[in-house]
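Comments concern the structure below.
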Amino acid sequence: MVTLEQLNAVGVGTLPGLLGIQIVEVQGTQVVGQLAVRAELMAPNGYLHAGSVIALADTTCGYGVMLNLPEGAQGFTTIELKSNFVGTVRDGTIQSRATLVHGGRTTQVWDATVTDTANQRAIAMFRCTQLILYPRQGS
């Protein structure tokens, strides 16, 4: 069983760690992460940058894949992602709740809803498809 401390250590020195993404809950095929909104994550227009929201959602989904790889798999890579933005924030904390929708042997599909934690209002819906990678045979 992987602890939250171990899972958060995976992001150190990579984009999730640089942005300050923290995984706060894991329950089977659901992963919850959060991100404190700060000046460096904003767009020049004064609102939270869409890339900051996508990075949080993609990270929670990606960690979910890592924790739910099929037997024999060695990794994964994103082959498609989509997001719909329905709001934004200028401060506070945002949270992403990622849930496995399809857990196949060659692909996984994950959905995430990103919310403003202050009022539990959705600001984005996200979906990604992950290709499951296996060791090459006969190489």
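We label chains A, B, ... in the order they appear in the structure tokens, count residues from 1 in each chain, and number ligands from 1 in the order shown.
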
Per-residue DSSP, region 59-89 of chain A, filtered to strand (DSSP E or B), as a PyMOL selection string: chain A and resi 75-85

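With only C-alpha atoms taken into account, the protein and nucleic acid residues at most 9 Å from region 113-125 of chain A (excluding it and anything under 5 positions from it in its own chain) are A:Gln34, A:Val53, A:Ile54, A:Leu56, A:Ala57, A:Lys82, A:Ser83, A:Asn84, A:Phe85, A:Val86, A:Gly87, A:Thr88, A:Val89, A:Gly92, A:Thr93, A:Ile94, A:Gln95, A:Ser96, A:Arg97, A:Ala98, A:Thr99.
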
In region 48-120 of chain A, DSSP alpha helix (DSSP H) residues written as a list of chain:residue names: A:Ala50, A:Gly51, A:Ser52, A:Val53, A:Ile54, A:Ala55, A:Leu56, A:Ala57, A:Asp58, A:Thr59, A:Thr60, A:Cys61, A:Gly62, A:Tyr63, A:Gly64, A:Val65, A:Met66, A:Leu67

With only C-alpha atoms as the counted atoms, please give the residues lying no more than 9 Å from Val26 (chain A), apart from itself and same-chain residues fewer than 6 positions off, as a compact mmCIF listing (two decimals) with N, CA and C atoms, in the first residue's frame.
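Dumped to around-v6.txt:
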# COMPACT_ATOMS: atom_id res chain seq x y z
N THR A 3 1.62 5.12 0.64
CA THR A 3 1.12 6.16 1.53
C THR A 3 1.03 7.49 0.77
N LEU A 4 0.27 8.43 1.31
CA LEU A 4 0.18 9.76 0.71
C LEU A 4 1.55 10.41 0.67
N VAL A 32 -7.64 12.28 -4.99
CA VAL A 32 -7.96 13.68 -4.75
C VAL A 32 -6.66 14.44 -4.50
N GLY A 33 -6.51 15.54 -5.24
CA GLY A 33 -5.34 16.40 -5.06
C GLY A 33 -5.77 17.85 -4.96
N GLY A 64 -3.61 8.23 -10.35
CA GLY A 64 -4.58 7.14 -10.31
C GLY A 64 -4.18 5.99 -11.22

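With CA of Phe126 (chain A) on one side and CA of Ala112 (chain A) on the other, the separation reads 5.0 Å.
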
Interatomic distance, CA of Leu133 (chain A) to CA of Leu67 (chain A) (Å, one decimal): 14.0 Å

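Using only C-alpha atoms, the shortest contact distance between Val109 (chain A) and any of A:Thr78, A:Leu41, A:Gly17, A:Gly28 is found at A:Thr78.
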
For Arg127 (chain A): contacts at 6 Å, only C-alpha atoms, fewer than 4 positions along chain excluded, given as a PyMOL selection string: chain A and resi 81-82+110-111

Mind dumping the selected residues with C-alpha atoms as an mmCIF file, in the first residue's frame?
data_model
loop_
_atom_site.group_PDB
_atom_site.id
_atom_site.type_symbol
_atom_site.label_atom_id
_atom_site.label_comp_id
_atom_site.auth_asym_id
_atom_site.auth_seq_id
_atom_site.Cartn_x
_atom_site.Cartn_y
_atom_site.Cartn_z
ATOM 1 C CA LEU A 81 -7.143 14.913 -22.880
ATOM 2 C CA LYS A 82 -10.025 17.338 -22.896
ATOM 3 C CA TRP A 110 -10.193 8.966 -16.181
ATOM 4 C CA ASP A 111 -12.547 11.830 -15.352
#

Nearest candidate to Glu80 (chain A) (options A:Cys128, A:Leu7, A:Val31, A:Met66; using only C-alpha atoms): A:Cys128

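Of the listed residues A:Asp91, A:Val2, A:Gly103, A:Thr77, the one whose atoms come nearest to Ile132 (chain A) is A:Thr77, with distances taken using only C-alpha atoms.
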
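Of the residues under consideration (A:Tyr47, A:Phe76, A:Tyr134, A:Tyr63), A:Tyr63 shows the shortest atom-to-atom contact distance to Gln6 (chain A) when counting only C-alpha atoms.
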
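Among A:Arg90, A:Asn8, A:Gly72, A:Ala36, the residue with the shortest atom-to-atom distance to His49 (chain A), counting only C-alpha atoms, is A:Arg90.
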
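Distances here use only C-alpha atoms; by that measure, the residue among A:Pro16, A:Gly75, A:Gly62, A:Pro135 closest to Leu100 (chain A) is A:Gly62.
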
Residue neighbourhood Ser52 (chain A), 9 Å, only C-alpha atoms, exclusion window fewer than 6 positions, as a ChimeraX atom specification: /A:19,35,41-42
